[in-house]
Every structure is written in structure tokens, then in C-alpha cells.
Amino acid sequence: MTRMGNVKRETSNVKRETSNVRQRFAEVFGGEPVAVVRAPGRVNLIGEHTDYNDGYVLPVAIDRSVLVAAAPRDDRQVVIHALGFGESATFSLDDIEHDQAKTWSNYQRGVAYFLEERGITLPGLNAVVVGDIPIGSGLSSSAAVEVSMAYIWQVLAGFELSRVELALLCQRAENEFVGMNCGIMDQFVSALGRRDHALLIDCRSLNYKLVPLPTEAAVVVADTMKRRGLVDSEYNTRRQECEEGVRILQRYLPEVQALRDVSTDQFGEFKGQLPEKVRQRCRHIIYENERVLRGVAALQASDLDTFGRLMSESHASLRDDYEVSCPELDIMAEAAWKVEGVYGSRMTGAGFGGCTVSLVAEEAVEDFRAQVAATYEEATGIVPQITICRAEGGVTEVSPR
Ligand code: GLA
């Protein structure tokens, strides 16, 4: 598939999806939406579970997204119709509570809660939400929901928030309202992604650098179709284990604030002080941060072999040391490693299901599809979904008003 082909497909998809969401808005609420925005999901090329350790990540905003069509109301009621769930949720901005039944609406409620908490008086609104990021696939549907919601309110109410502030507010909504203790990566790249680029994000300073994606290789996402299970509880446990590692290492290295501050040499010297599981978790994070930086240098030198090798090492580390992979992800990654023209392949996102990401030479993409799908289906009985991803821009208004 040529790049040109991708561009055309992308443009017509956006047009189709936008007119679809406008039409659905008219059906549900009558009349036209005042604005339509689109926030992308993401695939992370390398740097997994490093964000909440103040480390480095290298995600790409992708051409799968959440669209919101909305119009303000005269009162303080928010009515959100989620096409994927076939239902609406209603709440008042004067009394934003957690919804135990329609848990999908807690993302929007959380965003509204923290915008209001900042002193921004929001208008009520009617909104239709639709997306093509499968929930639990590791492609950050929740961040796209949060960012699209925050942004449509920004468009409608016209308040001043930078994109970084927007991302931080959405992360806060997820941490403190939804109750998932995620890092900043997903919201950040959904807000600030750039077409044809990955973002090297320093999750401590929140500085970032655009890294052009290679033109001679494709980013291929292979969905195991296994939806992650344990993720929230296991995710929070991993965070605690990392924090325990920091507390112990601080006894020997008082300047250490987070695992980001520990070099591989220092780890080698003091790892004997750490309980075994904590040692494994720390080893993953400390070496993963190094892999991200080496990976970026390799991409900038067009050394795709090195970048791919680092991706595959990352997978092994997530499987063996961080223990967040699962049989389906391992089978998918291993199947990819065997295909000629594949530079590297790894699980992406929090883990326990979802997708792998692979860097594949353009001319090998069709072999990849055929061979990986066949091997995976034979081993699991499940037909995977394999797609080429385009690196998209961050959240944007898509429809002229
Ligand atoms: C989830 C979280 C992110 C990040 C990844 C793992 O996607 O939302 O903040 O921690 O897991 O890298």
C-alpha cells in the first residue's frame, strides 16, 4: 500500500465519519451540531510503563479516533449519547457524580468536574459520541474520549487552556474521577500528536520532541482481539512495586526521585538490595528508558534494524520482568518476529491483552498480514485484526461551523 493510498483513504474516512456523526446528532437531538471534534487514539512504539516513573515514551497518535458532535444548551444539563453503547447519559454541571450504571460516562463527567473545578463555568450541552477504537484494545480509547470532550468544551466555551494543560486535566479526570491511576502518555499524545511523527515525551518535564517516522516502513497494529482483563488492579500494583523500588534505592542513592533517575550501572550495583519482584519491575523500567533513548537515536539515523531490535527486547522485558503480557500477545509478537522484513514487534499499551505494534518494511506488509494472521489463528482459534496505522495529528475541530 502506498502512502498516497493511505492519505486518500484517511481523508474520505474523516469526511464520512463526520457526516455520519452530524446526521446522528440531528436524529438524536434535532438540528445541527455547533462543532465536531476528533481526538485520536495512540499506539506506543516503545517506552511502556515508563510514564508514571517520570521516564520516556515514544507514542504515535493514530487514525483511529473518537468524534464528538455537540451544541451548547441554555441550561447546565449535559446529555451525551454514545452511539457505541446505544444509550444516553444525563447529568447536571451543578452536581457531577459518579455513575455506577453507565460507567462509560464517568470519563466525560470527570472532565467536566475538573474543568469546573478550575473555575471555568461550562455551558450545558447535547453531544453525540462515536469512535472506532475498540475498548480494552490498548489503543487508548479512554484518553481519546477525555480529550475530545475537554476540547469540544474549549471550542464551545472559548476558554484558554494549552494542550499540555488539557492533557493534564484529562489525566486527572481519569486518575481521580474514574479511578485509574494512569500516567500522562495517552492524553498527551491524543492532544499533541503530529501527522507522520512519533512524540518523544519526557514525562517528568513534559517537554517533547517530534520524531519523523521512517517512510520506508509501516507501523502495523495487530489486535489479538483479547480484551484486557486484570489491567486496573495489576496496573496499580506495578506502580506500587516501582515506588517501593524507589524507596529502597533512595537509601543508597538519596538523589533518586523516581526510577528515571537510576542508571543501569547504579541498578547493577544496588539491585541485590531489592526483593525479587521489585528488582524485576525496576530492571524493566530502567532499561526501557534507555531503550527509548537509543531507539530515538536509531530512528534519527535511519537505523531501523536497531530500532526494531529494541522493540523486540522491550517485549521480552514486559513479558519476563514486568509480567504484563499474556499468551495471545506473546504468540502475536513471536509470529511477527519470524516474518522476513519485520524490524521488530512488541505488545503496546498497558498489556494483558490488546494489540502488538510492529515496524515492517513496506514491501513485507502483505506477507506480515498473511503469515501472522495464519500463525495466530492456528494457535488460538481467533482471527486477528491487522491494520496499517497512519500517524495523525492531535485533537482537532473537523467540521466548519
Ligand atoms: C496505559 C496508561 C499509560 C501508560 C501505559 C503503559 O495506557 O494509560 O499512562 O502507563 O498504560 O505504558
# chains A, B, ... in the order shown; residues from 1 in each chain; ligands from 1

call {"tool": "residues_near_ligand", "arguments": {"ligand": "ligand 1", "cutoff": "9 Å", "atoms": "only C-alpha atoms and all ligand atoms", "output": "PyMOL selection string"}}
result
chain A and resi 42+44+46-53+57+138-140+142-143+171+174+180-187+231+235+348-351

call {"tool": "residues_around", "arguments": {"residues": "Arg309 (chain A)", "least_positions_apart": "4", "cutoff": "9 Å", "atoms": "only C-alpha atoms", "output": "mmCIF file with N, CA, C and O atoms, in the first residue's frame"}}
result
data_model
loop_
_atom_site.group_PDB
_atom_site.id
_atom_site.type_symbol
_atom_site.label_atom_id
_atom_site.label_comp_id
_atom_site.auth_asym_id
_atom_site.auth_seq_id
_atom_site.Cartn_x
_atom_site.Cartn_y
_atom_site.Cartn_z
ATOM 1 N N LEU A 304 16.806 1.231 11.159
ATOM 2 C CA LEU A 304 15.570 0.552 11.556
ATOM 3 C C LEU A 304 15.845 -0.810 12.182
ATOM 4 O O LEU A 304 15.062 -1.292 13.003
ATOM 5 N N ASP A 305 16.957 -1.429 11.798
ATOM 6 C CA ASP A 305 17.295 -2.724 12.412
ATOM 7 C C ASP A 305 17.471 -2.574 13.915
ATOM 8 O O ASP A 305 16.947 -3.361 14.701
ATOM 9 N N GLU A 313 13.211 -6.420 22.198
ATOM 10 C CA GLU A 313 13.749 -6.554 23.566
ATOM 11 C C GLU A 313 12.756 -6.009 24.585
ATOM 12 O O GLU A 313 12.615 -6.544 25.686
ATOM 13 N N SER A 314 12.084 -4.932 24.216
ATOM 14 C CA SER A 314 11.078 -4.351 25.108
ATOM 15 C C SER A 314 9.982 -5.376 25.379
ATOM 16 O O SER A 314 9.533 -5.547 26.526
ATOM 17 N N TYR A 343 11.127 -5.484 11.256
ATOM 18 C CA TYR A 343 12.258 -4.981 12.048
ATOM 19 C C TYR A 343 12.093 -5.332 13.525
ATOM 20 O O TYR A 343 13.046 -5.668 14.208
ATOM 21 N N GLY A 344 10.871 -5.215 14.009
ATOM 22 C CA GLY A 344 10.637 -5.515 15.420
ATOM 23 C C GLY A 344 9.159 -5.536 15.714
ATOM 24 O O GLY A 344 8.343 -5.032 14.928
ATOM 25 N N SER A 345 8.800 -6.141 16.849
ATOM 26 C CA SER A 345 7.396 -6.257 17.206
ATOM 27 C C SER A 345 7.285 -6.402 18.713
ATOM 28 O O SER A 345 8.122 -7.040 19.348
#

call {"tool": "closest_residue", "arguments": {"among": "A:Val60, A:Leu213, A:Val339, A:Leu83", "to": "Pro40 (chain A)", "atoms": "only C-alpha atoms"}}
result
A:Val60

call {"tool": "residues_around", "arguments": {"residues": "Val128 (chain A)", "least_positions_apart": "3", "cutoff": "6 Å", "atoms": "only C-alpha atoms", "output": "mmCIF file with N, CA, C and O atoms, in the first residue's frame"}}
result
data_model
loop_
_atom_site.group_PDB
_atom_site.id
_atom_site.type_symbol
_atom_site.label_atom_id
_atom_site.label_comp_id
_atom_site.auth_asym_id
_atom_site.auth_seq_id
_atom_site.Cartn_x
_atom_site.Cartn_y
_atom_site.Cartn_z
ATOM 1 N N PHE A 25 -26.413 13.191 15.205
ATOM 2 C CA PHE A 25 -26.758 14.281 16.129
ATOM 3 C C PHE A 25 -28.168 14.799 15.800
ATOM 4 O O PHE A 25 -29.008 14.980 16.677
ATOM 5 N N VAL A 68 -16.791 13.751 18.524
ATOM 6 C CA VAL A 68 -17.896 14.300 19.315
ATOM 7 C C VAL A 68 -18.544 15.427 18.517
ATOM 8 O O VAL A 68 -17.855 16.348 18.062
ATOM 9 N N ALA A 69 -19.842 15.342 18.354
ATOM 10 C CA ALA A 69 -20.620 16.427 17.742
ATOM 11 C C ALA A 69 -21.473 17.019 18.850
ATOM 12 O O ALA A 69 -22.138 16.275 19.574
ATOM 13 N N ILE A 80 -25.316 13.213 26.909
ATOM 14 C CA ILE A 80 -24.350 12.597 25.992
ATOM 15 C C ILE A 80 -24.938 11.297 25.468
ATOM 16 O O ILE A 80 -25.339 10.425 26.247
ATOM 17 N N HIS A 81 -24.998 11.210 24.149
ATOM 18 C CA HIS A 81 -25.476 9.972 23.542
ATOM 19 C C HIS A 81 -24.272 9.231 22.959
ATOM 20 O O HIS A 81 -23.580 9.752 22.080
ATOM 21 N N ALA A 82 -24.014 8.033 23.478
ATOM 22 C CA ALA A 82 -22.873 7.245 22.992
ATOM 23 C C ALA A 82 -23.381 6.226 21.981
ATOM 24 O O ALA A 82 -24.106 5.299 22.342
#

call {"tool": "closest_residue", "arguments": {"among": "A:Ser317, A:Ser141, A:Gln300, A:Thr215", "to": "Ile286 (chain A)", "atoms": "only C-alpha atoms"}}
result
A:Ser317

call {"tool": "select_by_dssp", "arguments": {"residues": "region 179-221 of chain A", "states": "strand (DSSP E or B)", "output": "JSON, numbers by chain"}}
result
{"A": [197, 198, 199, 200, 201, 202, 208, 209, 210, 211, 212, 217, 218, 219, 220, 221]}

call {"tool": "closest_residue", "arguments": {"among": "A:Pro384, A:Gly131, A:Pro72, A:Gly179", "to": "Arg38 (chain A)", "atoms": "only C-alpha atoms"}}
result
A:Gly131

call {"tool": "select_by_dssp", "arguments": {"residues": "region 30-107 of chain A", "states": "helix (DSSP H, G or I)", "output": "count of residues only"}}
result
8

call {"tool": "residues_around", "arguments": {"residues": "Lys209 (chain A)", "least_positions_apart": "2", "cutoff": "7 Å", "atoms": "only C-alpha atoms", "output": "PyMOL selection string"}}
result
chain A and resi 199-201+211

call {"tool": "residues_around", "arguments": {"residues": "Leu274 (chain A)", "least_positions_apart": "4", "cutoff": "12 Å", "atoms": "only C-alpha atoms", "output": "PDB file with all heavy atoms, in the first residue's frame"}}
result
ATOM      1  N   GLU A 241       4.880  -1.309  43.138  1.00  0.00           N
ATOM      2  CA  GLU A 241       6.175  -2.017  43.174  1.00  0.00           C
ATOM      3  C   GLU A 241       7.310  -1.085  42.737  1.00  0.00           C
ATOM      4  O   GLU A 241       8.410  -1.133  43.297  1.00  0.00           O
ATOM      5  CB  GLU A 241       6.105  -3.267  42.288  1.00  0.00           C
ATOM      6  CG  GLU A 241       5.256  -4.359  42.914  1.00  0.00           C
ATOM      7  CD  GLU A 241       4.874  -5.476  41.942  1.00  0.00           C
ATOM      8  OE1 GLU A 241       4.816  -5.237  40.707  1.00  0.00           O
ATOM      9  OE2 GLU A 241       4.617  -6.586  42.411  1.00  0.00           O
ATOM     10  N   CYS A 242       7.036  -0.253  41.740  1.00  0.00           N
ATOM     11  CA  CYS A 242       8.063   0.708  41.300  1.00  0.00           C
ATOM     12  C   CYS A 242       8.363   1.702  42.419  1.00  0.00           C
ATOM     13  O   CYS A 242       9.529   2.045  42.665  1.00  0.00           O
ATOM     14  CB  CYS A 242       7.589   1.463  40.056  1.00  0.00           C
ATOM     15  SG  CYS A 242       7.482   0.428  38.595  1.00  0.00           S
ATOM     16  N   GLU A 243       7.309   2.163  43.081  1.00  0.00           N
ATOM     17  CA  GLU A 243       7.517   3.126  44.188  1.00  0.00           C
ATOM     18  C   GLU A 243       8.309   2.484  45.320  1.00  0.00           C
ATOM     19  O   GLU A 243       9.166   3.118  45.938  1.00  0.00           O
ATOM     20  CB  GLU A 243       6.157   3.643  44.690  1.00  0.00           C
ATOM     21  CG  GLU A 243       5.556   4.673  43.747  1.00  0.00           C
ATOM     22  CD  GLU A 243       4.044   4.828  43.882  1.00  0.00           C
ATOM     23  OE1 GLU A 243       3.471   4.403  44.908  1.00  0.00           O
ATOM     24  OE2 GLU A 243       3.430   5.364  42.929  1.00  0.00           O
ATOM     25  N   GLU A 244       8.044   1.197  45.568  1.00  0.00           N
ATOM     26  CA  GLU A 244       8.820   0.506  46.608  1.00  0.00           C
ATOM     27  C   GLU A 244      10.291   0.440  46.210  1.00  0.00           C
ATOM     28  O   GLU A 244      11.188   0.666  47.023  1.00  0.00           O
ATOM     29  CB  GLU A 244       8.249  -0.903  46.836  1.00  0.00           C
ATOM     30  CG  GLU A 244       8.850  -1.568  48.058  1.00  0.00           C
ATOM     31  CD  GLU A 244       8.401  -3.019  48.233  1.00  0.00           C
ATOM     32  OE1 GLU A 244       7.354  -3.408  47.674  1.00  0.00           O
ATOM     33  OE2 GLU A 244       9.134  -3.758  48.921  1.00  0.00           O
ATOM     34  N   GLY A 245      10.538   0.174  44.927  1.00  0.00           N
ATOM     35  CA  GLY A 245      11.917   0.149  44.423  1.00  0.00           C
ATOM     36  C   GLY A 245      12.609   1.485  44.665  1.00  0.00           C
ATOM     37  O   GLY A 245      13.763   1.531  45.109  1.00  0.00           O
ATOM     38  N   VAL A 246      11.886   2.568  44.388  1.00  0.00           N
ATOM     39  CA  VAL A 246      12.473   3.905  44.603  1.00  0.00           C
ATOM     40  C   VAL A 246      12.810   4.094  46.080  1.00  0.00           C
ATOM     41  O   VAL A 246      13.909   4.544  46.426  1.00  0.00           O
ATOM     42  CB  VAL A 246      11.496   5.022  44.121  1.00  0.00           C
ATOM     43  CG1 VAL A 246      11.963   6.400  44.562  1.00  0.00           C
ATOM     44  CG2 VAL A 246      11.350   4.970  42.606  1.00  0.00           C
ATOM     45  N   ARG A 247      11.873   3.721  46.957  1.00  0.00           N
ATOM     46  CA  ARG A 247      12.116   3.906  48.403  1.00  0.00           C
ATOM     47  C   ARG A 247      13.359   3.160  48.864  1.00  0.00           C
ATOM     48  O   ARG A 247      14.187   3.692  49.612  1.00  0.00           O
ATOM     49  CB  ARG A 247      10.898   3.420  49.213  1.00  0.00           C
ATOM     50  CG  ARG A 247       9.830   4.482  49.376  1.00  0.00           C
ATOM     51  CD  ARG A 247       8.834   4.096  50.456  1.00  0.00           C
ATOM     52  NE  ARG A 247       8.169   2.829  50.182  1.00  0.00           N
ATOM     53  CZ  ARG A 247       7.080   2.701  49.410  1.00  0.00           C
ATOM     54  NH1 ARG A 247       6.540   3.758  48.862  1.00  0.00           N
ATOM     55  NH2 ARG A 247       6.547   1.513  49.196  1.00  0.00           N
ATOM     56  N   ILE A 248      13.545   1.940  48.378  1.00  0.00           N
ATOM     57  CA  ILE A 248      14.718   1.163  48.805  1.00  0.00           C
ATOM     58  C   ILE A 248      15.998   1.759  48.200  1.00  0.00           C
ATOM     59  O   ILE A 248      17.000   1.953  48.887  1.00  0.00           O
ATOM     60  CB  ILE A 248      14.555  -0.331  48.415  1.00  0.00           C
ATOM     61  CG1 ILE A 248      13.348  -0.917  49.146  1.00  0.00           C
ATOM     62  CG2 ILE A 248      15.836  -1.114  48.732  1.00  0.00           C
ATOM     63  CD1 ILE A 248      12.946  -2.304  48.696  1.00  0.00           C
ATOM     64  N   LEU A 249      15.944   2.096  46.921  1.00  0.00           N
ATOM     65  CA  LEU A 249      17.155   2.618  46.264  1.00  0.00           C
ATOM     66  C   LEU A 249      17.576   3.970  46.842  1.00  0.00           C
ATOM     67  O   LEU A 249      18.767   4.304  46.866  1.00  0.00           O
ATOM     68  CB  LEU A 249      16.937   2.711  44.749  1.00  0.00           C
ATOM     69  CG  LEU A 249      16.881   1.355  44.038  1.00  0.00           C
ATOM     70  CD1 LEU A 249      16.390   1.501  42.599  1.00  0.00           C
ATOM     71  CD2 LEU A 249      18.249   0.647  44.064  1.00  0.00           C
ATOM     72  N   GLN A 250      16.596   4.722  47.345  1.00  0.00           N
ATOM     73  CA  GLN A 250      16.916   6.030  47.946  1.00  0.00           C
ATOM     74  C   GLN A 250      17.845   5.892  49.159  1.00  0.00           C
ATOM     75  O   GLN A 250      18.577   6.825  49.484  1.00  0.00           O
ATOM     76  CB  GLN A 250      15.635   6.753  48.383  1.00  0.00           C
ATOM     77  CG  GLN A 250      14.976   7.520  47.253  1.00  0.00           C
ATOM     78  CD  GLN A 250      13.603   8.051  47.640  1.00  0.00           C
ATOM     79  OE1 GLN A 250      12.986   7.548  48.585  1.00  0.00           O
ATOM     80  NE2 GLN A 250      13.109   9.046  46.918  1.00  0.00           N
ATOM     81  N   ARG A 251      17.809   4.731  49.805  1.00  0.00           N
ATOM     82  CA  ARG A 251      18.712   4.541  50.962  1.00  0.00           C
ATOM     83  C   ARG A 251      20.172   4.626  50.524  1.00  0.00           C
ATOM     84  O   ARG A 251      21.041   5.034  51.270  1.00  0.00           O
ATOM     85  CB  ARG A 251      18.487   3.150  51.572  1.00  0.00           C
ATOM     86  CG  ARG A 251      17.164   3.033  52.267  1.00  0.00           C
ATOM     87  CD  ARG A 251      17.104   1.658  52.951  1.00  0.00           C
ATOM     88  NE  ARG A 251      15.716   1.241  53.057  1.00  0.00           N
ATOM     89  CZ  ARG A 251      15.276  -0.007  52.981  1.00  0.00           C
ATOM     90  NH1 ARG A 251      16.133  -1.008  52.796  1.00  0.00           N
ATOM     91  NH2 ARG A 251      13.999  -0.280  53.095  1.00  0.00           N
ATOM     92  N   TYR A 252      20.430   4.192  49.292  1.00  0.00           N
ATOM     93  CA  TYR A 252      21.810   4.177  48.779  1.00  0.00           C
ATOM     94  C   TYR A 252      22.081   5.359  47.854  1.00  0.00           C
ATOM     95  O   TYR A 252      23.219   5.785  47.691  1.00  0.00           O
ATOM     96  CB  TYR A 252      22.072   2.854  48.041  1.00  0.00           C
ATOM     97  CG  TYR A 252      21.615   1.672  48.869  1.00  0.00           C
ATOM     98  CD1 TYR A 252      20.331   1.153  48.725  1.00  0.00           C
ATOM     99  CD2 TYR A 252      22.448   1.142  49.855  1.00  0.00           C
ATOM    100  CE1 TYR A 252      19.892   0.113  49.520  1.00  0.00           C
ATOM    101  CE2 TYR A 252      22.002   0.103  50.662  1.00  0.00           C
ATOM    102  CZ  TYR A 252      20.720  -0.402  50.494  1.00  0.00           C
ATOM    103  OH  TYR A 252      20.283  -1.421  51.303  1.00  0.00           O
ATOM    104  N   PHE A 267      21.859   0.552  38.959  1.00  0.00           N
ATOM    105  CA  PHE A 267      20.982  -0.600  39.181  1.00  0.00           C
ATOM    106  C   PHE A 267      21.832  -1.856  39.397  1.00  0.00           C
ATOM    107  O   PHE A 267      21.590  -2.640  40.319  1.00  0.00           O
ATOM    108  CB  PHE A 267      20.026  -0.782  37.997  1.00  0.00           C
ATOM    109  CG  PHE A 267      19.152  -1.990  38.121  1.00  0.00           C
ATOM    110  CD1 PHE A 267      18.113  -2.017  39.038  1.00  0.00           C
ATOM    111  CD2 PHE A 267      19.381  -3.117  37.327  1.00  0.00           C
ATOM    112  CE1 PHE A 267      17.312  -3.153  39.178  1.00  0.00           C
ATOM    113  CE2 PHE A 267      18.580  -4.240  37.455  1.00  0.00           C
ATOM    114  CZ  PHE A 267      17.552  -4.258  38.381  1.00  0.00           C
ATOM    115  N   GLY A 268      22.854  -2.022  38.550  1.00  0.00           N
ATOM    116  CA  GLY A 268      23.745  -3.184  38.686  1.00  0.00           C
ATOM    117  C   GLY A 268      24.381  -3.239  40.072  1.00  0.00           C
ATOM    118  O   GLY A 268      24.503  -4.304  40.676  1.00  0.00           O
ATOM    119  N   GLU A 269      24.714  -2.085  40.584  1.00  0.00           N
ATOM    120  CA  GLU A 269      25.404  -2.047  41.881  1.00  0.00           C
ATOM    121  C   GLU A 269      24.461  -2.364  43.053  1.00  0.00           C
ATOM    122  O   GLU A 269      24.859  -3.030  44.003  1.00  0.00           O
ATOM    123  CB  GLU A 269      25.996  -0.634  42.063  1.00  0.00           C
ATOM    124  CG  GLU A 269      27.060  -0.563  43.126  1.00  0.00           C
ATOM    125  CD  GLU A 269      27.658   0.838  43.224  1.00  0.00           C
ATOM    126  OE1 GLU A 269      27.572   1.603  42.228  1.00  0.00           O
ATOM    127  OE2 GLU A 269      28.196   1.169  44.293  1.00  0.00           O
ATOM    128  N   PHE A 270      23.205  -1.888  42.955  1.00  0.00           N
ATOM    129  CA  PHE A 270      22.318  -1.982  44.131  1.00  0.00           C
ATOM    130  C   PHE A 270      21.152  -2.954  43.971  1.00  0.00           C
ATOM    131  O   PHE A 270      20.339  -3.084  44.883  1.00  0.00           O
ATOM    132  CB  PHE A 270      21.784  -0.590  44.496  1.00  0.00           C
ATOM    133  CG  PHE A 270      22.883   0.353  44.903  1.00  0.00           C
ATOM    134  CD1 PHE A 270      23.253   1.413  44.083  1.00  0.00           C
ATOM    135  CD2 PHE A 270      23.569   0.159  46.101  1.00  0.00           C
ATOM    136  CE1 PHE A 270      24.289   2.267  44.447  1.00  0.00           C
ATOM    137  CE2 PHE A 270      24.602   1.015  46.474  1.00  0.00           C
ATOM    138  CZ  PHE A 270      24.969   2.074  45.646  1.00  0.00           C
ATOM    139  N   VAL A 278      10.331  -6.784  42.901  1.00  0.00           N
ATOM    140  CA  VAL A 278      10.617  -5.349  42.770  1.00  0.00           C
ATOM    141  C   VAL A 278      11.846  -5.161  41.872  1.00  0.00           C
ATOM    142  O   VAL A 278      11.892  -4.254  41.037  1.00  0.00           O
ATOM    143  CB  VAL A 278      10.825  -4.716  44.164  1.00  0.00           C
ATOM    144  CG1 VAL A 278      11.278  -3.268  44.052  1.00  0.00           C
ATOM    145  CG2 VAL A 278       9.544  -4.810  44.982  1.00  0.00           C
ATOM    146  N   ARG A 279      12.811  -6.060  42.033  1.00  0.00           N
ATOM    147  CA  ARG A 279      14.022  -5.981  41.194  1.00  0.00           C
ATOM    148  C   ARG A 279      13.661  -6.140  39.717  1.00  0.00           C
ATOM    149  O   ARG A 279      14.133  -5.404  38.855  1.00  0.00           O
ATOM    150  CB  ARG A 279      15.001  -7.074  41.624  1.00  0.00           C
ATOM    151  CG  ARG A 279      16.288  -7.058  40.827  1.00  0.00           C
ATOM    152  CD  ARG A 279      17.394  -7.825  41.522  1.00  0.00           C
ATOM    153  NE  ARG A 279      17.095  -9.240  41.618  1.00  0.00           N
ATOM    154  CZ  ARG A 279      17.141  -9.955  42.741  1.00  0.00           C
ATOM    155  NH1 ARG A 279      17.476  -9.403  43.884  1.00  0.00           N
ATOM    156  NH2 ARG A 279      16.854 -11.235  42.743  1.00  0.00           N
ATOM    157  N   GLN A 280      12.779  -7.100  39.439  1.00  0.00           N
ATOM    158  CA  GLN A 280      12.361  -7.316  38.043  1.00  0.00           C
ATOM    159  C   GLN A 280      11.656  -6.079  37.481  1.00  0.00           C
ATOM    160  O   GLN A 280      11.917  -5.663  36.355  1.00  0.00           O
ATOM    161  CB  GLN A 280      11.356  -8.478  37.974  1.00  0.00           C
ATOM    162  CG  GLN A 280      11.968  -9.826  38.079  1.00  0.00           C
ATOM    163  CD  GLN A 280      10.876 -10.905  38.064  1.00  0.00           C
ATOM    164  OE1 GLN A 280      10.888 -11.786  38.895  1.00  0.00           O
ATOM    165  NE2 GLN A 280       9.917 -10.826  37.152  1.00  0.00           N
ATOM    166  N   ARG A 281      10.741  -5.530  38.285  1.00  0.00           N
ATOM    167  CA  ARG A 281       9.988  -4.359  37.801  1.00  0.00           C
ATOM    168  C   ARG A 281      10.945  -3.202  37.516  1.00  0.00           C
ATOM    169  O   ARG A 281      10.852  -2.540  36.491  1.00  0.00           O
ATOM    170  CB  ARG A 281       8.943  -3.889  38.828  1.00  0.00           C
ATOM    171  CG  ARG A 281       8.021  -4.963  39.358  1.00  0.00           C
ATOM    172  CD  ARG A 281       7.260  -5.717  38.294  1.00  0.00           C
ATOM    173  NE  ARG A 281       6.299  -6.613  38.923  1.00  0.00           N
ATOM    174  CZ  ARG A 281       6.152  -7.904  38.646  1.00  0.00           C
ATOM    175  NH1 ARG A 281       6.891  -8.492  37.708  1.00  0.00           N
ATOM    176  NH2 ARG A 281       5.243  -8.618  39.273  1.00  0.00           N
ATOM    177  N   CYS A 282      11.882  -2.979  38.459  1.00  0.00           N
ATOM    178  CA  CYS A 282      12.832  -1.866  38.291  1.00  0.00           C
ATOM    179  C   CYS A 282      13.715  -2.105  37.071  1.00  0.00           C
ATOM    180  O   CYS A 282      14.002  -1.172  36.319  1.00  0.00           O
ATOM    181  CB  CYS A 282      13.716  -1.720  39.527  1.00  0.00           C
ATOM    182  SG  CYS A 282      12.785  -1.166  40.967  1.00  0.00           S
ATOM    183  N   ARG A 283      14.137  -3.357  36.900  1.00  0.00           N
ATOM    184  CA  ARG A 283      15.011  -3.640  35.745  1.00  0.00           C
ATOM    185  C   ARG A 283      14.297  -3.271  34.442  1.00  0.00           C
ATOM    186  O   ARG A 283      14.868  -2.644  33.557  1.00  0.00           O
ATOM    187  CB  ARG A 283      15.416  -5.114  35.735  1.00  0.00           C
ATOM    188  CG  ARG A 283      16.367  -5.451  34.575  1.00  0.00           C
ATOM    189  CD  ARG A 283      17.094  -6.756  34.792  1.00  0.00           C
ATOM    190  NE  ARG A 283      16.163  -7.818  35.104  1.00  0.00           N
ATOM    191  CZ  ARG A 283      16.417  -8.832  35.925  1.00  0.00           C
ATOM    192  NH1 ARG A 283      17.588  -8.922  36.522  1.00  0.00           N
ATOM    193  NH2 ARG A 283      15.516  -9.761  36.162  1.00  0.00           N
TER     194      ARG A 283
END

call {"tool": "residues_around", "arguments": {"residues": "Ile152 (chain A)", "least_positions_apart": "2", "cutoff": "9 Å", "atoms": "only C-alpha atoms", "output": "list in words"}}
result
Ala35, Val36, Val37, Arg38, Val68, Ala69, Ala70, Val147, Ser148, Met149, Ala150, Gln154, Val155, Leu156, Ala157 and Glu397 of chain A

call {"tool": "closest_residue", "arguments": {"among": "A:Val21, A:Ala364, A:Val220, A:Ala144", "to": "Pro33 (chain A)", "atoms": "only C-alpha atoms"}}
result
A:Val21

call {"tool": "closest_residue", "arguments": {"among": "A:Gly124, A:Ala370, A:Asp95, A:Glu116", "to": "Val78 (chain A)", "atoms": "only C-alpha atoms"}}
result
A:Gly124

call {"tool": "decode", "arguments": {"residues": "region 220-224 of chain A", "atoms": "all heavy atoms", "output": "CSV table (one decimal), in the first residue's frame"}}
result
chain,number,residue,atom,x,y,z
A,220,VAL,N,2.5,-1.3,11.9
A,220,VAL,CA,1.4,-2.2,11.8
A,220,VAL,C,0.8,-2.6,13.2
A,220,VAL,O,1.6,-3.0,14.1
A,220,VAL,CB,1.8,-3.5,11.0
A,220,VAL,CG1,0.6,-4.4,10.8
A,220,VAL,CG2,2.3,-3.1,9.7
A,221,VAL,N,-0.5,-2.5,13.3
A,221,VAL,CA,-1.1,-2.8,14.6
A,221,VAL,C,-1.8,-4.1,14.4
A,221,VAL,O,-2.7,-4.2,13.5
A,221,VAL,CB,-2.0,-1.7,15.1
A,221,VAL,CG1,-2.9,-2.2,16.3
A,221,VAL,CG2,-1.2,-0.5,15.5
A,222,ALA,N,-1.5,-5.1,15.3
A,222,ALA,CA,-2.2,-6.4,15.2
A,222,ALA,C,-3.0,-6.6,16.5
A,222,ALA,O,-2.4,-6.7,17.6
A,222,ALA,CB,-1.2,-7.5,15.0
A,223,ASP,N,-4.3,-6.7,16.4
A,223,ASP,CA,-5.2,-6.8,17.5
A,223,ASP,C,-5.4,-8.3,17.8
A,223,ASP,O,-5.9,-9.0,17.0
A,223,ASP,CB,-6.5,-6.1,17.2
A,223,ASP,CG,-7.4,-6.0,18.4
A,223,ASP,OD1,-7.2,-6.7,19.4
A,223,ASP,OD2,-8.3,-5.1,18.4
A,224,THR,N,-5.0,-8.7,19.0
A,224,THR,CA,-5.2,-10.1,19.4
A,224,THR,C,-6.7,-10.4,19.6
A,224,THR,O,-7.1,-11.6,19.7
A,224,THR,CB,-4.6,-10.4,20.8
A,224,THR,OG1,-5.2,-9.6,21.8
A,224,THR,CG2,-3.1,-10.1,20.8
